[in-house]
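Q: Below is one structure. I have some questions about it.
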Amino acid sequence: MEWDDYGQLKPTGPATHRRSEAFARLCPFSPEATNEDAIAAARFPDAPQHDARLGRYTSCHVGAVAEAPFRERGSSGGMVSWVAAELMRRGEIDGVLHVHPGTPGQPFFGYRISRNEDELLAGARSRYHPVHLAEVLDQVRATPGRYAVVGIPCFIKAVHLARAQDPVLAERITHMLGLFCGHMKSARFVQSFAWQLGVDHDRVRAVEYRLKDANRPANWYTAHLTLDDGSTVQNEWFHLADGDWGAGYFQNSACNFCDDVVAETADVSFGDAWVEPYSSDGRGTNVVVVRAPLIQRLIDEGRAEGRLDLQPVDADFVADTQAAGFRQRREGLAYRLTWAKRGIRPVKRVAPQAKGIGWRRKLVYRTRAAISRDSHRMAWLAARTGRPQLYLGWARRTYAVYEGLTYDRGRFAPLFSRIERVAGRRKDG
Ligand SMILES: Cc1cc2nc3c(=O)[nH]c(=O)nc-3n(C[C@H](O)[C@H](O)[C@H](O)COP(=O)(O)OP(=O)(O)OC[C@H]3O[C@@H](n4cnc5c(N)ncnc54)[C@H](O)[C@@H]3O)c2cc1C
């Protein structure tokens with residue numbers, strides 16, 4: 001995988017390989033790849049429940065880890081690190097493939113293999129930054145043992161597809177821990193933080209996307225940068241031109257064609273409980289979807305021993321915590337699939353459909369797609385010319401349009417409301 005000009009990772013290597021059948025079956029977005037339903041059916045044949053949004057599952061929970069220090073150290077309720085640690089403590093695995101801060105001179109983040117609890121906790125927290133699995137998969141091939149992998153839905157699917165082609169990976173990667181996913185950002189998002197926090201990007205040594213503060217609502221994300229002299233700068237995402245997650249700044253274009261919000265092929269998946277009262281609880285709260293019997297046992301025992309503070313919930317509860325993600329990956333995806341006219345035609349579990357979607361929602365999906373596409377170009381141009389305002393001015397203007405469409409506020413809101421009234425009168429008339 002290599003970096004492109006937009007701060008995204010792209011597959012490289014001989015064209016003959018990239019056009020081969022094996023590669024087409026390996027890429028999680030390829031029309032030739034086995035889909036999530038088939039992978040989950042093969043991996044969890046006995047999972048008793050099925051939901052069109054969550055896939056197969058045995059149980060769902062909301063809550064957090066009670067045993068210190070997982071919740072304080074985690075982005076959310078600390079459940080990912082706890083389950084990974086518990087698999088290690090019980091001798092089920094020898095290592096965990098997950099994402100750590102990079103070493104100086106390296107990208108800010110990268111996959112590493114943790115082999116004890118200290119290393120595992122050093123890699124806790126969410127990194128909305130491009131990473132790849134190539135090196136850690138080579139390490140797994142070279143070093144016998146059993147491993148768990150932590151990843152967003154397309155990465156977990158990619159590991160399943162790699163296991164199908166590589167018996168060594170199939171034998172050694174035994175557990176899959178999935179993260180719910182809204183979308184992946186490019187590395188330029190960090191550059192944008194630096195511009196807006198008034199520091200030189202080259203001086204940034206460490207990035208925290210979600211600084212944890214138990215006294216502030218969990219959904220008030222704070223970006224935090226550490227500079228080369230040890231000083232720090234921070235600001236809330238709310239105050240940033242591109243800090244509204246839903247607007248899609250710096251989104252990877254592949255995410256436009258994703259239909260898996262909750263890592264349906266993972267043995268267990270973890271997200272944030274984005275509904276009240278949990279969103280306001282700065283300590284962080286997980287939603288958890290369990291699919292594999294061993295993980296169900298760990299969680300049942302953890303609850304019985306008071307090490308986990310989890311309550312059972314139903315599929316609707318979990319889906320409601322990700323309402324915006326499901327709109328974008330169901331209705332929005334159906335609509336986007338009607339646009340794809342040239343090139344590779346994505347094959348998705350959602351059928352192309354534009355009918356029944358109101359003009360305003362369509363405009364939201366169009367604006368979001370334009371924002372994600374053009375943010376890469378505008379930030380590239382701003383960096384290239386040394387004029388951050390080119391990007392920041394553009395981001396503020398596009399956000400004003402998006403805000404008017406989605407939230408009925410800001411300077412374009414009256415315009416959209418008027419169009420809506422006129423369109424409504426026409427329809428009535
Ligand atoms: C790109 C991205 C988008 C996300 N979108 C959503 C969303 O829309 N809705 C939602 O509810 N949750 C989303 N999440 C998941 C959420 O941010 C938390 O990771 C999750 O709730 C687990 O919290 P925790 O406290 O249990 O994890 P922790 O105990 O903090 O552990 C997190 C684990 O994830 C690993 N990790 C961090 N970043 C990555 C990465 N990029 N790739 C692979 N592994 C990683 C860490 O190394 C660590 O092992 C997203 C995560 C990512 C990385």
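Ordering of the structure tokens sets the chain letters (A, B, ...); residue numbers start at 1 within each chain; ligands are numbered from 1 in the order shown.
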Do a neighbour search on Phe270 (chain A) at 10 Å with only C-alpha atoms, toss out local chain neighbours closer than 5 positions, and write the hits as a list in words.

A: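 Those residues are Cys60, His61, Val62, Ser76, Gly77, Gly78, Met79, Val80, Ile152, Leu177, Gly178, Leu179, Phe180, Cys181, Val262, Ala263, Asn286, Val287, Val288, Val289 and Val290 of chain A.
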
Q: Mind listing the residues within 8 Å of ligand 1, only C-alpha atoms and all ligand atoms counted, as a PDB file with N, CA, C and O atoms, in the first residue's frame?

A:
ATOM      1  N   ALA A  64     -20.322  -0.560  29.583  1.00  0.00           N
ATOM      2  CA  ALA A  64     -18.887  -0.264  29.577  1.00  0.00           C
ATOM      3  C   ALA A  64     -18.165  -1.286  30.449  1.00  0.00           C
ATOM      4  O   ALA A  64     -18.796  -2.087  31.143  1.00  0.00           O
ATOM      5  N   PHE A  70      -9.759   0.036  31.743  1.00  0.00           N
ATOM      6  CA  PHE A  70     -10.146  -0.043  30.329  1.00  0.00           C
ATOM      7  C   PHE A  70     -11.020   1.129  29.879  1.00  0.00           C
ATOM      8  O   PHE A  70     -10.810   1.686  28.812  1.00  0.00           O
ATOM      9  N   ARG A  71     -12.013   1.499  30.734  1.00  0.00           N
ATOM     10  CA  ARG A  71     -12.925   2.558  30.280  1.00  0.00           C
ATOM     11  C   ARG A  71     -12.190   3.905  30.157  1.00  0.00           C
ATOM     12  O   ARG A  71     -12.385   4.625  29.183  1.00  0.00           O
ATOM     13  N   ARG A  73      -9.097   4.393  29.574  1.00  0.00           N
ATOM     14  CA  ARG A  73      -8.103   4.360  28.495  1.00  0.00           C
ATOM     15  C   ARG A  73      -8.744   4.256  27.116  1.00  0.00           C
ATOM     16  O   ARG A  73      -8.122   4.577  26.109  1.00  0.00           O
ATOM     17  N   GLY A  74      -9.985   3.777  27.054  1.00  0.00           N
ATOM     18  CA  GLY A  74     -10.633   3.565  25.757  1.00  0.00           C
ATOM     19  C   GLY A  74     -11.281   4.825  25.218  1.00  0.00           C
ATOM     20  O   GLY A  74     -11.510   5.781  25.966  1.00  0.00           O
ATOM     21  N   SER A  75     -11.597   4.827  23.931  1.00  0.00           N
ATOM     22  CA  SER A  75     -12.329   5.949  23.331  1.00  0.00           C
ATOM     23  C   SER A  75     -13.746   5.988  23.852  1.00  0.00           C
ATOM     24  O   SER A  75     -14.304   7.028  24.131  1.00  0.00           O
ATOM     25  N   SER A  76     -14.307   4.795  23.955  1.00  0.00           N
ATOM     26  CA  SER A  76     -15.710   4.691  24.340  1.00  0.00           C
ATOM     27  C   SER A  76     -15.752   4.000  25.710  1.00  0.00           C
ATOM     28  O   SER A  76     -15.171   4.528  26.663  1.00  0.00           O
ATOM     29  N   GLY A  77     -16.391   2.836  25.809  1.00  0.00           N
ATOM     30  CA  GLY A  77     -16.468   2.164  27.111  1.00  0.00           C
ATOM     31  C   GLY A  77     -15.313   1.217  27.379  1.00  0.00           C
ATOM     32  O   GLY A  77     -15.296   0.522  28.406  1.00  0.00           O
ATOM     33  N   GLY A  78     -14.341   1.135  26.464  1.00  0.00           N
ATOM     34  CA  GLY A  78     -13.160   0.300  26.688  1.00  0.00           C
ATOM     35  C   GLY A  78     -13.355  -1.174  26.370  1.00  0.00           C
ATOM     36  O   GLY A  78     -12.471  -2.007  26.646  1.00  0.00           O
ATOM     37  N   MET A  79     -14.499  -1.533  25.780  1.00  0.00           N
ATOM     38  CA  MET A  79     -14.812  -2.948  25.562  1.00  0.00           C
ATOM     39  C   MET A  79     -13.867  -3.647  24.581  1.00  0.00           C
ATOM     40  O   MET A  79     -13.577  -4.832  24.735  1.00  0.00           O
ATOM     41  N   VAL A  80     -13.402  -2.929  23.559  1.00  0.00           N
ATOM     42  CA  VAL A  80     -12.519  -3.587  22.574  1.00  0.00           C
ATOM     43  C   VAL A  80     -11.260  -4.077  23.283  1.00  0.00           C
ATOM     44  O   VAL A  80     -10.870  -5.250  23.164  1.00  0.00           O
ATOM     45  N   SER A  81     -10.633  -3.172  24.036  1.00  0.00           N
ATOM     46  CA  SER A  81      -9.374  -3.552  24.692  1.00  0.00           C
ATOM     47  C   SER A  81      -9.622  -4.636  25.733  1.00  0.00           C
ATOM     48  O   SER A  81      -8.791  -5.532  25.915  1.00  0.00           O
ATOM     49  N   TRP A  82     -10.774  -4.579  26.420  1.00  0.00           N
ATOM     50  CA  TRP A  82     -11.052  -5.596  27.445  1.00  0.00           C
ATOM     51  C   TRP A  82     -11.208  -6.977  26.813  1.00  0.00           C
ATOM     52  O   TRP A  82     -10.620  -7.954  27.295  1.00  0.00           O
ATOM     53  N   ALA A  84     -10.064  -8.044  23.985  1.00  0.00           N
ATOM     54  CA  ALA A  84      -8.759  -8.483  23.469  1.00  0.00           C
ATOM     55  C   ALA A  84      -7.872  -8.955  24.631  1.00  0.00           C
ATOM     56  O   ALA A  84      -7.211 -10.003  24.538  1.00  0.00           O
ATOM     57  N   LEU A  97      -3.605  -7.835  16.523  1.00  0.00           N
ATOM     58  CA  LEU A  97      -3.266  -6.892  15.458  1.00  0.00           C
ATOM     59  C   LEU A  97      -4.197  -5.691  15.610  1.00  0.00           C
ATOM     60  O   LEU A  97      -5.422  -5.824  15.441  1.00  0.00           O
ATOM     61  N   HIS A  98      -3.636  -4.547  15.988  1.00  0.00           N
ATOM     62  CA  HIS A  98      -4.483  -3.350  16.131  1.00  0.00           C
ATOM     63  C   HIS A  98      -3.636  -2.112  15.900  1.00  0.00           C
ATOM     64  O   HIS A  98      -2.447  -2.215  15.583  1.00  0.00           O
ATOM     65  N   VAL A  99      -4.245  -0.938  16.060  1.00  0.00           N
ATOM     66  CA  VAL A  99      -3.600   0.287  15.572  1.00  0.00           C
ATOM     67  C   VAL A  99      -2.964   1.084  16.709  1.00  0.00           C
ATOM     68  O   VAL A  99      -3.622   1.374  17.718  1.00  0.00           O
ATOM     69  N   HIS A 100      -1.689   1.385  16.528  1.00  0.00           N
ATOM     70  CA  HIS A 100      -0.901   2.121  17.529  1.00  0.00           C
ATOM     71  C   HIS A 100      -0.470   3.473  16.973  1.00  0.00           C
ATOM     72  O   HIS A 100      -0.355   3.633  15.758  1.00  0.00           O
ATOM     73  N   TYR A 111      -0.786  -0.296  12.047  1.00  0.00           N
ATOM     74  CA  TYR A 111      -1.092  -1.576  12.706  1.00  0.00           C
ATOM     75  C   TYR A 111       0.179  -2.137  13.325  1.00  0.00           C
ATOM     76  O   TYR A 111       1.252  -2.106  12.704  1.00  0.00           O
ATOM     77  N   LEU A 120      -1.276  -3.590  24.617  1.00  0.00           N
ATOM     78  CA  LEU A 120      -2.663  -3.501  24.142  1.00  0.00           C
ATOM     79  C   LEU A 120      -3.282  -2.159  24.529  1.00  0.00           C
ATOM     80  O   LEU A 120      -3.882  -1.464  23.703  1.00  0.00           O
ATOM     81  N   LEU A 121      -3.075  -1.767  25.802  1.00  0.00           N
ATOM     82  CA  LEU A 121      -3.667  -0.505  26.261  1.00  0.00           C
ATOM     83  C   LEU A 121      -2.991   0.703  25.621  1.00  0.00           C
ATOM     84  O   LEU A 121      -3.623   1.742  25.408  1.00  0.00           O
ATOM     85  N   GLY A 123      -2.325   0.931  22.681  1.00  0.00           N
ATOM     86  CA  GLY A 123      -2.957   1.094  21.363  1.00  0.00           C
ATOM     87  C   GLY A 123      -4.444   1.390  21.444  1.00  0.00           C
ATOM     88  O   GLY A 123      -5.109   1.449  20.417  1.00  0.00           O
ATOM     89  N   ALA A 124      -4.968   1.592  22.685  1.00  0.00           N
ATOM     90  CA  ALA A 124      -6.416   1.879  22.794  1.00  0.00           C
ATOM     91  C   ALA A 124      -6.724   3.220  22.125  1.00  0.00           C
ATOM     92  O   ALA A 124      -5.815   3.994  21.828  1.00  0.00           O
ATOM     93  N   ARG A 125      -8.013   3.511  21.924  1.00  0.00           N
ATOM     94  CA  ARG A 125      -8.514   4.761  21.314  1.00  0.00           C
ATOM     95  C   ARG A 125      -8.734   4.614  19.807  1.00  0.00           C
ATOM     96  O   ARG A 125      -8.053   3.835  19.145  1.00  0.00           O
ATOM     97  N   SER A 126      -9.629   5.457  19.290  1.00  0.00           N
ATOM     98  CA  SER A 126     -10.022   5.411  17.874  1.00  0.00           C
ATOM     99  C   SER A 126      -9.113   6.290  17.035  1.00  0.00           C
ATOM    100  O   SER A 126      -8.865   7.438  17.400  1.00  0.00           O
ATOM    101  N   ARG A 127      -8.645   5.745  15.933  1.00  0.00           N
ATOM    102  CA  ARG A 127      -7.768   6.503  15.030  1.00  0.00           C
ATOM    103  C   ARG A 127      -8.450   6.601  13.681  1.00  0.00           C
ATOM    104  O   ARG A 127      -8.484   5.622  12.924  1.00  0.00           O
ATOM    105  N   TYR A 128      -8.940   7.787  13.359  1.00  0.00           N
ATOM    106  CA  TYR A 128      -9.660   7.969  12.095  1.00  0.00           C
ATOM    107  C   TYR A 128      -8.643   8.322  11.013  1.00  0.00           C
ATOM    108  O   TYR A 128      -8.703   9.386  10.405  1.00  0.00           O
ATOM    109  N   HIS A 129      -7.715   7.442  10.820  1.00  0.00           N
ATOM    110  CA  HIS A 129      -6.534   7.712  10.007  1.00  0.00           C
ATOM    111  C   HIS A 129      -6.242   6.494   9.134  1.00  0.00           C
ATOM    112  O   HIS A 129      -6.353   5.367   9.620  1.00  0.00           O
ATOM    113  N   PRO A 130      -5.832   6.693   7.864  1.00  0.00           N
ATOM    114  CA  PRO A 130      -5.579   5.522   7.020  1.00  0.00           C
ATOM    115  C   PRO A 130      -4.460   4.637   7.590  1.00  0.00           C
ATOM    116  O   PRO A 130      -3.431   5.152   8.034  1.00  0.00           O
ATOM    117  N   VAL A 131      -4.710   3.358   7.570  1.00  0.00           N
ATOM    118  CA  VAL A 131      -3.717   2.380   8.033  1.00  0.00           C
ATOM    119  C   VAL A 131      -3.811   1.181   7.089  1.00  0.00           C
ATOM    120  O   VAL A 131      -4.763   1.088   6.316  1.00  0.00           O
ATOM    121  N   VAL A 150      -8.215  -6.444  15.205  1.00  0.00           N
ATOM    122  CA  VAL A 150      -9.229  -5.403  15.438  1.00  0.00           C
ATOM    123  C   VAL A 150      -9.334  -4.594  14.153  1.00  0.00           C
ATOM    124  O   VAL A 150      -8.304  -4.201  13.590  1.00  0.00           O
ATOM    125  N   GLY A 151     -10.541  -4.328  13.681  1.00  0.00           N
ATOM    126  CA  GLY A 151     -10.631  -3.556  12.442  1.00  0.00           C
ATOM    127  C   GLY A 151     -12.016  -3.024  12.164  1.00  0.00           C
ATOM    128  O   GLY A 151     -13.011  -3.493  12.729  1.00  0.00           O
ATOM    129  N   ILE A 152     -12.044  -2.027  11.278  1.00  0.00           N
ATOM    130  CA  ILE A 152     -13.330  -1.512  10.802  1.00  0.00           C
ATOM    131  C   ILE A 152     -13.922  -2.547   9.828  1.00  0.00           C
ATOM    132  O   ILE A 152     -13.209  -3.469   9.403  1.00  0.00           O
ATOM    133  N   PHE A 155     -12.000  -3.868   6.769  1.00  0.00           N
ATOM    134  CA  PHE A 155     -10.745  -4.548   7.105  1.00  0.00           C
ATOM    135  C   PHE A 155     -11.022  -5.968   7.595  1.00  0.00           C
ATOM    136  O   PHE A 155     -10.298  -6.906   7.270  1.00  0.00           O
ATOM    137  N   LEU A 179     -15.052  -2.948  14.595  1.00  0.00           N
ATOM    138  CA  LEU A 179     -15.476  -1.613  15.038  1.00  0.00           C
ATOM    139  C   LEU A 179     -16.597  -1.149  14.116  1.00  0.00           C
ATOM    140  O   LEU A 179     -16.488  -1.307  12.896  1.00  0.00           O
ATOM    141  N   PHE A 180     -17.672  -0.589  14.672  1.00  0.00           N
ATOM    142  CA  PHE A 180     -18.667   0.058  13.826  1.00  0.00           C
ATOM    143  C   PHE A 180     -17.931   1.152  13.046  1.00  0.00           C
ATOM    144  O   PHE A 180     -16.914   1.679  13.509  1.00  0.00           O
ATOM    145  N   CYS A 181     -18.470   1.527  11.896  1.00  0.00           N
ATOM    146  CA  CYS A 181     -17.745   2.556  11.146  1.00  0.00           C
ATOM    147  C   CYS A 181     -18.697   3.487  10.391  1.00  0.00           C
ATOM    148  O   CYS A 181     -19.615   3.031   9.714  1.00  0.00           O
ATOM    149  N   GLY A 182     -18.440   4.786  10.540  1.00  0.00           N
ATOM    150  CA  GLY A 182     -19.167   5.816   9.793  1.00  0.00           C
ATOM    151  C   GLY A 182     -18.492   6.046   8.451  1.00  0.00           C
ATOM    152  O   GLY A 182     -19.123   6.015   7.409  1.00  0.00           O
ATOM    153  N   HIS A 183     -17.204   6.276   8.467  1.00  0.00           N
ATOM    154  CA  HIS A 183     -16.363   6.291   7.274  1.00  0.00           C
ATOM    155  C   HIS A 183     -14.925   6.487   7.708  1.00  0.00           C
ATOM    156  O   HIS A 183     -14.655   6.803   8.865  1.00  0.00           O
ATOM    157  N   MET A 184     -13.988   6.319   6.756  1.00  0.00           N
ATOM    158  CA  MET A 184     -12.570   6.527   7.049  1.00  0.00           C
ATOM    159  C   MET A 184     -12.148   7.880   6.479  1.00  0.00           C
ATOM    160  O   MET A 184     -12.597   8.280   5.415  1.00  0.00           O
ATOM    161  N   LYS A 185     -11.296   8.568   7.227  1.00  0.00           N
ATOM    162  CA  LYS A 185     -10.781   9.871   6.790  1.00  0.00           C
ATOM    163  C   LYS A 185      -9.437   9.692   6.085  1.00  0.00           C
ATOM    164  O   LYS A 185      -8.773   8.670   6.245  1.00  0.00           O
ATOM    165  N   VAL A 261     -22.341  -1.306   8.346  1.00  0.00           N
ATOM    166  CA  VAL A 261     -22.076  -0.292   9.385  1.00  0.00           C
ATOM    167  C   VAL A 261     -21.421  -0.934  10.613  1.00  0.00           C
ATOM    168  O   VAL A 261     -20.599  -0.317  11.280  1.00  0.00           O
ATOM    169  N   PHE A 270     -18.155  -3.517  18.083  1.00  0.00           N
ATOM    170  CA  PHE A 270     -18.254  -2.493  19.127  1.00  0.00           C
ATOM    171  C   PHE A 270     -18.489  -1.125  18.494  1.00  0.00           C
ATOM    172  O   PHE A 270     -17.836  -0.776  17.509  1.00  0.00           O
ATOM    173  N   GLY A 271     -19.373  -0.368  19.111  1.00  0.00           N
ATOM    174  CA  GLY A 271     -19.583   1.011  18.671  1.00  0.00           C
ATOM    175  C   GLY A 271     -19.799   1.892  19.878  1.00  0.00           C
ATOM    176  O   GLY A 271     -19.643   1.466  21.035  1.00  0.00           O
ATOM    177  N   ASP A 272     -20.138   3.130  19.616  1.00  0.00           N
ATOM    178  CA  ASP A 272     -20.490   4.079  20.672  1.00  0.00           C
ATOM    179  C   ASP A 272     -22.006   4.115  20.788  1.00  0.00           C
ATOM    180  O   ASP A 272     -22.704   4.087  19.774  1.00  0.00           O
ATOM    181  N   ALA A 273     -22.489   4.252  22.015  1.00  0.00           N
ATOM    182  CA  ALA A 273     -23.943   4.337  22.227  1.00  0.00           C
ATOM    183  C   ALA A 273     -24.364   5.791  22.002  1.00  0.00           C
ATOM    184  O   ALA A 273     -24.489   6.571  22.943  1.00  0.00           O
ATOM    185  N   TRP A 274     -24.606   6.126  20.730  1.00  0.00           N
ATOM    186  CA  TRP A 274     -24.958   7.518  20.397  1.00  0.00           C
ATOM    187  C   TRP A 274     -26.449   7.780  20.570  1.00  0.00           C
ATOM    188  O   TRP A 274     -27.137   8.176  19.636  1.00  0.00           O
ATOM    189  N   GLY A 284     -17.823   7.557  28.352  1.00  0.00           N
ATOM    190  CA  GLY A 284     -17.885   6.716  27.148  1.00  0.00           C
ATOM    191  C   GLY A 284     -18.692   5.447  27.390  1.00  0.00           C
ATOM    192  O   GLY A 284     -18.549   4.802  28.443  1.00  0.00           O
ATOM    193  N   THR A 285     -19.547   5.103  26.434  1.00  0.00           N
ATOM    194  CA  THR A 285     -20.405   3.912  26.561  1.00  0.00           C
ATOM    195  C   THR A 285     -20.436   3.169  25.232  1.00  0.00           C
ATOM    196  O   THR A 285     -20.671   3.770  24.196  1.00  0.00           O
ATOM    197  N   ASN A 286     -20.231   1.864  25.313  1.00  0.00           N
ATOM    198  CA  ASN A 286     -20.251   1.025  24.103  1.00  0.00           C
ATOM    199  C   ASN A 286     -21.638   0.452  23.820  1.00  0.00           C
ATOM    200  O   ASN A 286     -22.413   0.205  24.745  1.00  0.00           O
ATOM    201  N   VAL A 287     -21.895   0.164  22.553  1.00  0.00           N
ATOM    202  CA  VAL A 287     -22.875  -0.863  22.199  1.00  0.00           C
ATOM    203  C   VAL A 287     -22.051  -2.028  21.642  1.00  0.00           C
ATOM    204  O   VAL A 287     -21.021  -1.819  21.002  1.00  0.00           O
ATOM    205  N   THR A 321     -28.638   3.742  17.675  1.00  0.00           N
ATOM    206  CA  THR A 321     -27.407   4.469  18.041  1.00  0.00           C
ATOM    207  C   THR A 321     -26.604   4.862  16.799  1.00  0.00           C
ATOM    208  O   THR A 321     -25.725   5.701  16.875  1.00  0.00           O
ATOM    209  N   GLN A 322     -26.925   4.235  15.657  1.00  0.00           N
ATOM    210  CA  GLN A 322     -26.182   4.492  14.415  1.00  0.00           C
ATOM    211  C   GLN A 322     -27.146   4.950  13.323  1.00  0.00           C
ATOM    212  O   GLN A 322     -26.955   4.637  12.140  1.00  0.00           O
ATOM    213  N   GLY A 325     -25.677   6.634  10.277  1.00  0.00           N
ATOM    214  CA  GLY A 325     -24.852   5.696   9.505  1.00  0.00           C
ATOM    215  C   GLY A 325     -25.714   4.782   8.652  1.00  0.00           C
ATOM    216  O   GLY A 325     -25.399   4.512   7.496  1.00  0.00           O
TER     217      GLY A 325
END

Q: Taking into account only C-alpha atoms, which residue in the set A:Glu236, A:Gly95, A:Arg283, A:Gln106 is nearest to Ala206 (chain A)?

A: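 Smallest separation from Ala206 (chain A) among the options: A:Gln106.
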
Q: Taking the chain letters and numbering used in this document, name the residues of region 273-403 of chain A that DSSP puts in strand (DSSP E or B), as a list of chain:residue names.

A: A:Asn286, A:Val287, A:Val288, A:Val289, A:Val290, A:Leu308, A:Asp309, A:Leu310, A:Gln311, A:Pro312, A:Val313

Q: Report as a Markdown table: every residue of region 138-173 of chain A with an atom at most 9 Å from region 24-43 of chain A, its closest pair of atoms, and their distance in Å to one decimal, counting only C-alpha atoms, with rows sorted by chain and ascending residue number.

A:
| residue | atom | partner | partner_atom | distance |
| --- | --- | --- | --- | --- |
| A:Cys154 | CA | A:Pro28 | CA | 5.9 |
| A:Phe155 | CA | A:Pro28 | CA | 7.6 |
| A:Ile156 | CA | A:Pro28 | CA | 8.9 |
| A:Lys157 | CA | A:Pro28 | CA | 6.0 |
| A:Ala158 | CA | A:Pro28 | CA | 5.2 |
| A:Val159 | CA | A:Leu26 | CA | 8.6 |
| A:His160 | CA | A:Ile39 | CA | 7.6 |
| A:Leu161 | CA | A:Leu26 | CA | 5.3 |
| A:Ala162 | CA | A:Leu26 | CA | 6.0 |
| A:Ala164 | CA | A:Leu26 | CA | 8.7 |
| A:Gln165 | CA | A:Leu26 | CA | 8.1 |

Q: Fewer than 3 positions away in the same chain doesn't count, so skip those; otherwise give me all residues within 7 Å of region 188-191 of chain A, counting only C-alpha atoms, as a PyMOL selection string.

A: chain A and resi 6-7+185+194-195+201+250

Q: Could the residues in this selection be saved with all heavy atoms as a short mmCIF file (atom, residue, chain, number, x, y, z; two decimals), in the first residue's frame?

A:
data_model
loop_
_atom_site.label_atom_id
_atom_site.label_comp_id
_atom_site.auth_asym_id
_atom_site.auth_seq_id
_atom_site.Cartn_x
_atom_site.Cartn_y
_atom_site.Cartn_z
N TYR A 6 -3.50 12.63 -1.97
CA TYR A 6 -4.59 13.06 -1.09
C TYR A 6 -4.48 12.50 0.33
O TYR A 6 -5.41 12.62 1.12
CB TYR A 6 -5.94 12.62 -1.69
CG TYR A 6 -6.29 13.30 -3.00
CD1 TYR A 6 -7.19 12.72 -3.88
CD2 TYR A 6 -5.73 14.54 -3.35
CE1 TYR A 6 -7.53 13.35 -5.07
CE2 TYR A 6 -6.07 15.16 -4.53
CZ TYR A 6 -6.96 14.56 -5.40
OH TYR A 6 -7.30 15.19 -6.57
N GLY A 7 -3.35 11.85 0.62
CA GLY A 7 -3.20 11.30 1.97
C GLY A 7 -4.04 10.06 2.19
O GLY A 7 -4.56 9.82 3.28
N LYS A 185 -11.30 8.57 7.23
CA LYS A 185 -10.78 9.87 6.79
C LYS A 185 -9.44 9.69 6.09
O LYS A 185 -8.77 8.67 6.24
CB LYS A 185 -10.56 10.78 8.00
CG LYS A 185 -11.79 11.03 8.85
CD LYS A 185 -12.66 12.09 8.23
CE LYS A 185 -13.81 12.49 9.13
NZ LYS A 185 -14.80 13.30 8.40
N ALA A 194 -4.16 20.99 11.97
CA ALA A 194 -2.99 21.85 12.19
C ALA A 194 -3.28 23.26 11.66
O ALA A 194 -3.00 24.25 12.37
CB ALA A 194 -1.76 21.25 11.52
N TRP A 195 -3.84 23.37 10.48
CA TRP A 195 -4.17 24.69 9.93
C TRP A 195 -5.09 25.44 10.89
O TRP A 195 -4.89 26.61 11.17
CB TRP A 195 -4.89 24.55 8.57
CG TRP A 195 -3.99 24.23 7.43
CD1 TRP A 195 -2.67 24.53 7.31
CD2 TRP A 195 -4.37 23.56 6.21
NE1 TRP A 195 -2.19 24.09 6.10
CE2 TRP A 195 -3.21 23.49 5.40
CE3 TRP A 195 -5.55 23.01 5.72
CZ2 TRP A 195 -3.21 22.90 4.13
CZ3 TRP A 195 -5.56 22.43 4.48
CH2 TRP A 195 -4.39 22.37 3.68
N HIS A 201 2.08 21.78 10.37
CA HIS A 201 1.80 20.35 10.32
C HIS A 201 3.07 19.53 10.51
O HIS A 201 3.06 18.46 11.14
CB HIS A 201 1.14 20.02 8.96
CG HIS A 201 0.91 18.57 8.72
ND1 HIS A 201 1.69 17.81 7.89
CD2 HIS A 201 -0.02 17.73 9.21
CE1 HIS A 201 1.24 16.57 7.87
NE2 HIS A 201 0.21 16.49 8.67
N PHE A 250 -13.06 14.71 3.81
CA PHE A 250 -11.92 13.78 3.75
C PHE A 250 -12.32 12.30 3.77
O PHE A 250 -11.51 11.43 4.07
CB PHE A 250 -10.90 14.05 4.87
CG PHE A 250 -10.30 15.42 4.78
CD1 PHE A 250 -10.60 16.39 5.73
CD2 PHE A 250 -9.45 15.75 3.74
CE1 PHE A 250 -10.06 17.66 5.63
CE2 PHE A 250 -8.91 17.02 3.64
CZ PHE A 250 -9.20 17.98 4.59
#

Q: Just the number, please: distance in Å from CA of Ile371 (chain A) to CA of Phe109 (chain A), one decimal.

A: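 A separation of 24.8 Å between them.
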
Q: Select, from A:Ala334, A:Ala292, A:Leu310, A:Ala170, the residue with the minimum atom-to-atom distance to Gly356 (chain A), counting only C-alpha atoms.

A: A:Ala334

Q: Between CA of Trp380 (chain A) and CA of Pro14 (chain A), what is the spacing in Å?

A: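 Between CA of Pro14 (chain A) and CA of Trp380 (chain A) the gap is 26.8 Å.
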
Q: Pick from A:Met378, A:Val233, A:Val422, A:Leu405: nearest to Leu363 (chain A), with only C-alpha atoms counted?

A: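 Looking at the shortest contact to Leu363 (chain A), the residue is A:Leu405.
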
Q: Give me, as a PyMOL selection string, the residues of region 9-191 of chain A that a backbone DSSP run labels helix (DSSP H, G or I).

A: chain A and resi 15-18+21-26+36-43+70-73+79-89+117-122+134-142+153-165+167-172+188-191
